[in-house]
>>> print(open('final_39.cif').read())   # mmCIF, C-alpha atoms and all ligand atoms
data_start
loop_
_atom_site.label_atom_id
_atom_site.label_comp_id
_atom_site.auth_asym_id
_atom_site.auth_seq_id
_atom_site.Cartn_x
_atom_site.Cartn_y
_atom_site.Cartn_z
CA MET A 1 122.91 101.11 100.83
CA THR A 2 119.48 102.49 99.97
CA ILE A 3 118.32 103.15 96.42
CA VAL A 4 115.03 104.96 95.78
CA ALA A 5 112.87 103.58 92.97
CA ALA A 6 111.90 106.98 91.57
CA THR A 7 108.39 106.10 90.41
CA ARG A 8 104.85 106.36 91.74
CA ASN A 9 103.52 103.64 89.42
CA PRO A 10 102.92 100.49 91.55
CA GLY A 11 103.07 98.22 88.47
CA LYS A 12 106.56 99.50 87.66
CA ILE A 13 107.76 99.27 91.27
CA ARG A 14 106.70 95.60 91.42
CA GLU A 15 108.57 94.78 88.20
CA ILE A 16 111.68 96.84 89.04
CA ARG A 17 111.93 95.12 92.45
CA LEU A 18 111.83 91.71 90.79
CA LEU A 19 114.24 92.63 88.02
CA LEU A 20 116.84 94.22 90.31
CA ALA A 21 116.44 91.57 93.03
CA GLN A 22 120.10 90.50 92.74
CA ILE A 23 121.43 93.92 93.69
CA PRO A 24 122.58 93.89 97.32
CA VAL A 25 120.72 97.09 98.30
CA ARG A 26 117.50 98.18 99.98
CA LEU A 27 115.23 99.32 97.14
CA VAL A 28 112.57 101.65 98.56
CA GLY A 29 109.61 103.29 96.86
CA LEU A 30 108.72 106.98 96.83
CA ASP A 31 105.87 106.10 99.22
CA GLU A 32 108.57 106.14 101.94
CA TYR A 33 109.08 109.85 101.13
CA PRO A 34 105.55 111.29 101.38
CA ASP A 35 106.90 114.85 101.47
CA ALA A 36 109.06 114.54 98.35
CA GLY A 37 107.52 116.76 95.67
CA GLU A 38 106.66 115.89 92.08
CA ILE A 39 109.12 116.02 89.17
CA GLU A 40 107.65 117.25 85.89
CA GLU A 41 108.33 115.14 82.81
CA THR A 42 109.13 117.87 80.29
CA GLY A 43 111.56 115.87 78.11
CA SER A 44 110.85 114.84 74.53
CA THR A 45 112.53 111.42 74.79
CA PHE A 46 112.27 108.51 77.24
CA VAL A 47 115.91 108.96 78.30
CA GLU A 48 115.47 112.70 78.93
CA ASN A 49 112.47 112.03 81.18
CA ALA A 50 114.19 109.14 83.00
CA GLU A 51 117.15 111.43 83.71
CA LEU A 52 114.87 114.24 84.95
CA LYS A 53 113.19 111.81 87.38
CA ALA A 54 116.43 110.17 88.59
CA THR A 55 118.14 113.54 89.17
CA GLY A 56 115.05 115.18 90.66
CA TYR A 57 114.13 112.41 93.10
CA ALA A 58 117.75 111.84 94.16
CA ARG A 59 117.93 115.52 95.12
CA LEU A 60 114.54 115.44 96.84
CA THR A 61 115.34 112.31 98.89
CA GLY A 62 119.11 112.65 99.32
CA GLU A 63 119.51 109.02 98.18
CA MET A 64 120.76 107.30 95.05
CA ALA A 65 117.78 106.99 92.68
CA VAL A 66 116.82 104.64 89.86
CA SER A 67 114.05 105.88 87.55
CA ASP A 68 112.02 104.38 84.72
CA ASP A 69 110.41 106.30 81.88
CA SER A 70 108.54 104.07 79.52
CA GLY A 71 105.71 103.89 77.06
CA LEU A 72 104.17 102.43 73.98
CA VAL A 73 105.26 103.51 70.47
CA VAL A 74 102.72 102.68 67.75
CA ASP A 75 103.88 102.93 64.12
CA ALA A 76 100.41 103.58 62.67
CA LEU A 77 100.07 106.57 65.04
CA ALA A 78 103.43 108.12 64.12
CA GLY A 79 104.96 106.99 67.41
CA ALA A 80 102.08 107.99 69.70
CA PRO A 81 101.36 107.68 72.58
CA GLY A 82 105.16 107.56 73.16
CA VAL A 83 106.39 109.75 76.01
CA GLN A 84 102.76 110.78 76.55
CA SER A 85 101.69 107.18 77.32
CA ALA A 86 100.65 107.91 80.92
CA ARG A 87 98.74 111.08 79.92
CA TYR A 88 97.32 109.86 76.59
CA ALA A 89 93.65 110.14 77.58
CA GLY A 90 94.12 113.15 79.84
CA ALA A 91 95.06 113.53 83.50
CA GLY A 92 93.20 111.21 85.84
CA ALA A 93 92.13 108.77 83.10
CA SER A 94 92.26 105.04 83.86
CA ASP A 95 94.26 102.33 82.06
CA ALA A 96 90.96 101.16 80.50
CA GLU A 97 90.27 104.67 79.13
CA ARG A 98 93.77 104.94 77.65
CA ILE A 99 93.37 101.53 76.00
CA ARG A 100 89.95 102.54 74.61
CA LYS A 101 91.40 105.70 73.08
CA LEU A 102 94.34 103.77 71.58
CA LEU A 103 92.05 101.18 69.97
CA ASP A 104 89.74 103.92 68.65
CA GLU A 105 92.68 105.77 67.08
CA ILE A 106 94.08 102.67 65.37
CA GLY A 107 90.65 101.44 64.28
CA SER A 108 90.79 98.36 62.07
CA ALA A 109 94.16 99.23 60.48
CA ASP A 110 96.14 96.17 59.35
CA GLU A 111 99.41 97.88 60.25
CA ARG A 112 99.48 97.29 64.04
CA SER A 113 103.21 97.07 64.76
CA ALA A 114 104.34 98.68 68.01
CA ARG A 115 107.02 98.51 70.68
CA PHE A 116 107.30 99.12 74.36
CA VAL A 117 110.32 101.26 75.25
CA CYS A 118 111.85 101.66 78.70
CA ALA A 119 114.61 104.07 79.70
CA ILE A 120 116.24 103.51 83.10
CA SER A 121 118.56 106.07 84.69
CA VAL A 122 120.60 105.97 87.88
CA ALA A 123 121.60 109.15 89.71
CA ASP A 124 123.87 109.46 92.73
CA ARG A 125 122.57 111.12 95.91
CA ASN A 126 123.64 114.53 94.57
CA GLY A 127 121.53 114.06 91.47
CA ARG A 128 124.42 113.39 89.09
CA ILE A 129 123.50 110.90 86.34
CA LEU A 130 125.69 107.79 86.58
CA CYS A 131 124.12 105.74 83.81
CA SER A 132 121.16 105.72 81.39
CA VAL A 133 120.06 102.80 79.23
CA GLU A 134 117.14 101.99 76.95
CA GLY A 135 115.36 98.68 76.40
CA LYS A 136 112.73 97.63 73.82
CA CYS A 137 110.14 94.95 73.24
CA GLU A 138 108.66 94.59 69.73
CA GLY A 139 105.10 93.48 69.14
CA ARG A 140 101.70 94.45 67.81
CA ILE A 141 98.45 95.97 69.04
CA ALA A 142 95.60 93.49 69.57
CA LEU A 143 92.09 94.13 68.23
CA VAL A 144 90.58 93.83 71.71
CA PRO A 145 92.00 93.87 75.27
CA THR A 146 92.58 90.48 76.92
CA GLY A 147 93.80 89.36 80.35
CA GLU A 148 94.45 91.06 83.66
CA ASN A 149 98.15 90.48 84.27
CA GLY A 150 100.67 93.32 84.27
CA PHE A 151 99.47 96.93 84.07
CA GLY A 152 98.92 99.82 81.67
CA TYR A 153 98.65 98.81 78.01
CA ASP A 154 99.55 95.14 78.65
CA PRO A 155 96.06 93.80 77.69
CA VAL A 156 96.48 95.10 74.10
CA PHE A 157 100.18 94.39 73.52
CA ILE A 158 101.08 91.06 71.88
CA PRO A 159 104.87 90.58 71.93
CA THR A 160 106.51 89.24 68.75
CA GLY A 161 106.62 85.44 68.75
CA PHE A 162 103.49 85.08 70.90
CA SER A 163 99.78 84.96 70.15
CA ARG A 164 98.61 86.24 73.54
CA SER A 165 98.88 89.69 75.11
CA PHE A 166 101.05 90.60 78.12
CA GLY A 167 97.72 90.79 79.95
CA GLU A 168 97.31 87.04 79.42
CA LEU A 169 100.90 85.81 79.44
CA PRO A 170 102.32 84.79 82.84
CA ASP A 171 104.46 87.33 84.72
CA GLU A 172 107.48 85.03 84.23
CA VAL A 173 107.27 85.55 80.46
CA LYS A 174 106.97 89.34 80.69
CA SER A 175 109.87 89.49 83.14
CA GLN A 176 112.09 87.71 80.58
CA ILE A 177 111.22 89.56 77.36
CA SER A 178 109.82 92.97 78.28
CA HIS A 179 111.33 96.39 77.51
CA ARG A 180 111.91 96.75 81.29
CA ALA A 181 113.73 93.40 81.41
CA ASP A 182 115.91 94.46 78.46
CA ALA A 183 116.77 97.78 80.12
CA SER A 184 117.31 96.06 83.49
CA ARG A 185 119.85 93.65 82.02
CA LYS A 186 121.79 96.67 80.71
CA ILE A 187 121.59 98.57 84.00
CA MET A 188 122.75 95.44 85.89
CA ARG A 189 125.99 95.61 83.89
CA PHE A 190 126.45 99.16 85.19
CA PHE A 191 125.78 98.05 88.80
CA ALA A 192 128.22 95.13 88.45
CA ASP A 193 130.98 97.56 87.37
CA PHE A 194 129.93 100.12 89.98
CA TRP A 195 130.25 97.69 92.88
CA GLY A 196 133.21 95.89 91.33
CA ASN A 197 135.16 99.15 91.33
CA ARG A 198 134.24 100.00 94.91
CA THR A 199 135.50 96.76 96.48
P1 LIG B 1 106.20 107.45 87.05
O1 LIG B 1 106.44 108.64 86.16
O2 LIG B 1 105.88 107.79 88.47
O3 LIG B 1 107.31 106.43 86.94
P2 LIG B 1 104.10 106.85 85.14
O4 LIG B 1 103.08 105.76 85.03
O5 LIG B 1 103.61 108.28 85.02
O6 LIG B 1 104.89 106.65 86.54
P3 LIG B 1 105.61 107.13 82.68
O7 LIG B 1 105.48 108.59 82.57
O8 LIG B 1 106.94 106.49 82.35
O9 LIG B 1 105.26 106.58 84.13
O10 LIG B 1 104.47 106.48 81.77
C1 LIG B 1 104.56 105.17 81.39
C2 LIG B 1 103.20 104.69 80.92
O11 LIG B 1 103.42 103.78 79.82
C3 LIG B 1 102.52 103.87 82.02
O12 LIG B 1 101.67 104.65 82.81
C4 LIG B 1 101.77 102.80 81.19
O13 LIG B 1 100.55 103.34 80.74
C5 LIG B 1 102.69 102.60 80.00
N1 LIG B 1 103.63 101.49 80.26
C6 LIG B 1 104.95 101.56 80.59
N2 LIG B 1 105.45 100.34 80.81
C7 LIG B 1 104.44 99.48 80.62
C8 LIG B 1 104.32 98.08 80.73
O14 LIG B 1 105.33 97.31 81.10
N3 LIG B 1 103.15 97.53 80.46
C9 LIG B 1 102.08 98.29 80.10
N4 LIG B 1 102.09 99.60 80.01
C10 LIG B 1 103.27 100.20 80.26
#
>>> encode(input="final_39.cif", output="structure tokens", more="lines below")
Ligand code: ITT
Amino acid sequence: MTIVAATRNPGKIREIRLLLAQIPVRLVGLDEYPDAGEIEETGSTFVENAELKATGYARLTGEMAVSDDSGLVVDALAGAPGVQSARYAGAGASDAERIRKLLDEIGSADERSARFVCAISVADRNGRILCSVEGKCEGRIALVPTGENGFGYDPVFIPTGFSRSFGELPDEVKSQISHRADASRKIMRFFADFWGNRT
């Protein structure tokens, strides 16, 4: 069975592949469907956007699809960048530009608590949502970016219980404690039931 990873973010694809490695399916990226169009993320929550992408890309590819909508929620910024995390510094901006803007907005505030949130949805090949889950990872925003591991805002996110950012921590740590790992554990329970009921 083929499942499409309904994302164009290479950092996410790498992590989703690793996290769902136990599933006995061929997980392919959207790069295998160059003619599939773009799904607009018009939802106001992570789950709404994950469902839009899972449904949309399942219909566009004719395959079962698993999507990820995620982002960084910063308390001192009233939840921003939130669902706008990828577009925070405008279309076409780089990760470094988004991080710069985030650090400028927070300034030297003492209150730096934040969390990464990840919604994962699975849609069948007709675009019907089979399951949606949400995972979280609590932490705080660093004063300066450090490290080159991971992607996105990882260089400025220090998970609770650690003194280094996801940019510095080894991939094996992120893959245990991240918002995507939390959501993946929940979605694996769905897949276990799904295949259990089919055999
Ligand atoms: P797709 O919609 O194609 O999946 P995207 O990058 O546009 O890719 P989102 O709309 O879900 O995805 O935006 C998520 C953004 O949040 C992402 O671009 C990063 O900037 C940030 N983000 C999400 N997960 C992250 C992680 O594990 N580490 C660092 N930053 C993360």
>>> atom_distance(input="final_39.cif", atom1="atom C8 of ligand LIG 1 (chain B)", atom2="atom CA of A:Thr45")
16.8 Å
>>> residues_near_ligand(input="final_39.cif", ligand="ligand LIG 1 (chain B)", cutoff="8 Å", atoms="all atoms listed in the file", output="ChimeraX atom specification")
/A:6-9,11-12,41,46,49-50,53,67-72,82-87,95,98,116-118,150-155,157,166,178-180
>>> atom_distance(input="final_39.cif", atom1="atom CA of A:Ile99", atom2="atom CA of A:Glu48")
24.9 Å
>>> atom_distance(input="final_39.cif", atom1="atom CA of A:Gly135", atom2="atom CA of A:Thr2")
24.2 Å
>>> closest_residue(input="final_39.cif", among="A:Ala183, A:Gly147, A:Leu102, A:Arg125", to="A:Tyr88", atoms="all atoms listed in the file")
A:Leu102
>>> residues_near_point(input="final_39.cif", point="(120.2, 91.7, 92.3)", cutoff="12 Å", atoms="only C-alpha atoms", output="PyMOL selection string")
chain A and resi 16-27+184-185+187-189+191-192+195
>>> closest_residue(input="final_39.cif", among="A:Gly107, A:Cys137, A:Arg14, A:Ala58", to="A:Ala181", atoms="all atoms listed in the file")
A:Cys137
>>> residues_around(input="final_39.cif", residues="A:Glu111", least_positions_apart="6", cutoff="10 Å", atoms="only C-alpha atoms", output="count of residues only")
6
>>> closest_residue(input="final_39.cif", among="A:Glu15, A:Ala5, A:Ala78, A:Thr42", to="A:Val28", atoms="only C-alpha atoms")
A:Ala5
>>> closest_residue(input="final_39.cif", among="A:Ile129, A:Ser94, A:Ala36, A:Leu103", to="A:Gly62", atoms="all atoms listed in the file")
A:Ala36
>>> closest_residue(input="final_39.cif", among="A:Ile3, A:Val66, A:Val133, A:Ile13", to="A:Ala54", atoms="all atoms listed in the file")
A:Val66
>>> closest_residue(input="final_39.cif", among="A:Glu40, A:Phe190, A:Val4, A:Ser113", to="A:Cys131", atoms="only C-alpha atoms")
A:Phe190
>>> build_atoms(input="final_39.cif", residues="stretch 84-99 of chain A", atoms="N, CA, C and O atoms", output="mmCIF file, in the frame of the given file")
data_model
loop_
_atom_site.group_PDB
_atom_site.id
_atom_site.type_symbol
_atom_site.label_atom_id
_atom_site.label_comp_id
_atom_site.auth_asym_id
_atom_site.auth_seq_id
_atom_site.Cartn_x
_atom_site.Cartn_y
_atom_site.Cartn_z
ATOM 1 N N GLN A 84 104.028 110.345 75.947
ATOM 2 C CA GLN A 84 102.760 110.780 76.550
ATOM 3 C C GLN A 84 101.911 109.591 77.030
ATOM 4 O O GLN A 84 100.741 109.775 77.367
ATOM 5 N N SER A 85 102.489 108.390 77.059
ATOM 6 C CA SER A 85 101.690 107.180 77.320
ATOM 7 C C SER A 85 100.837 107.269 78.582
ATOM 8 O O SER A 85 99.683 106.839 78.595
ATOM 9 N N ALA A 86 101.407 107.849 79.660
ATOM 10 C CA ALA A 86 100.650 107.910 80.920
ATOM 11 C C ALA A 86 99.540 108.962 80.862
ATOM 12 O O ALA A 86 98.565 108.876 81.593
ATOM 13 N N ARG A 87 99.698 109.947 79.967
ATOM 14 C CA ARG A 87 98.740 111.080 79.920
ATOM 15 C C ARG A 87 97.884 111.060 78.652
ATOM 16 O O ARG A 87 97.214 112.035 78.334
ATOM 17 N N TYR A 88 97.914 109.941 77.927
ATOM 18 C CA TYR A 88 97.320 109.860 76.590
ATOM 19 C C TYR A 88 95.843 110.227 76.559
ATOM 20 O O TYR A 88 95.380 110.869 75.625
ATOM 21 N N ALA A 89 95.093 109.832 77.582
ATOM 22 C CA ALA A 89 93.650 110.140 77.580
ATOM 23 C C ALA A 89 93.340 111.231 78.609
ATOM 24 O O ALA A 89 92.218 111.321 79.120
ATOM 25 N N GLY A 90 94.326 112.051 78.896
ATOM 26 C CA GLY A 90 94.120 113.150 79.840
ATOM 27 C C GLY A 90 94.491 112.760 81.260
ATOM 28 O O GLY A 90 94.595 111.571 81.582
ATOM 29 N N ALA A 91 94.690 113.788 82.098
ATOM 30 C CA ALA A 91 95.060 113.530 83.500
ATOM 31 C C ALA A 91 93.910 112.847 84.208
ATOM 32 O O ALA A 91 92.752 113.169 83.966
ATOM 33 N N GLY A 92 94.239 111.869 85.045
ATOM 34 C CA GLY A 92 93.200 111.210 85.840
ATOM 35 C C GLY A 92 92.464 110.091 85.108
ATOM 36 O O GLY A 92 91.605 109.434 85.695
ATOM 37 N N ALA A 93 92.792 109.865 83.832
ATOM 38 C CA ALA A 93 92.130 108.770 83.100
ATOM 39 C C ALA A 93 92.646 107.422 83.622
ATOM 40 O O ALA A 93 93.727 107.344 84.195
ATOM 41 N N SER A 94 91.863 106.381 83.400
ATOM 42 C CA SER A 94 92.260 105.040 83.860
ATOM 43 C C SER A 94 92.987 104.301 82.732
ATOM 44 O O SER A 94 92.939 104.714 81.563
ATOM 45 N N ASP A 95 93.625 103.171 83.081
ATOM 46 C CA ASP A 95 94.260 102.330 82.060
ATOM 47 C C ASP A 95 93.231 101.946 80.998
ATOM 48 O O ASP A 95 93.518 101.975 79.800
ATOM 49 N N ALA A 96 92.008 101.605 81.438
ATOM 50 C CA ALA A 96 90.960 101.160 80.500
ATOM 51 C C ALA A 96 90.615 102.290 79.522
ATOM 52 O O ALA A 96 90.414 102.056 78.320
ATOM 53 N N GLU A 97 90.587 103.530 80.014
ATOM 54 C CA GLU A 97 90.270 104.670 79.130
ATOM 55 C C GLU A 97 91.391 104.922 78.124
ATOM 56 O O GLU A 97 91.137 105.245 76.953
ATOM 57 N N ARG A 98 92.630 104.756 78.576
ATOM 58 C CA ARG A 98 93.770 104.940 77.650
ATOM 59 C C ARG A 98 93.736 103.862 76.560
ATOM 60 O O ARG A 98 93.965 104.143 75.380
ATOM 61 N N ILE A 99 93.428 102.631 76.967
ATOM 62 C CA ILE A 99 93.370 101.530 76.000
ATOM 63 C C ILE A 99 92.241 101.775 74.985
ATOM 64 O O ILE A 99 92.403 101.599 73.786
#
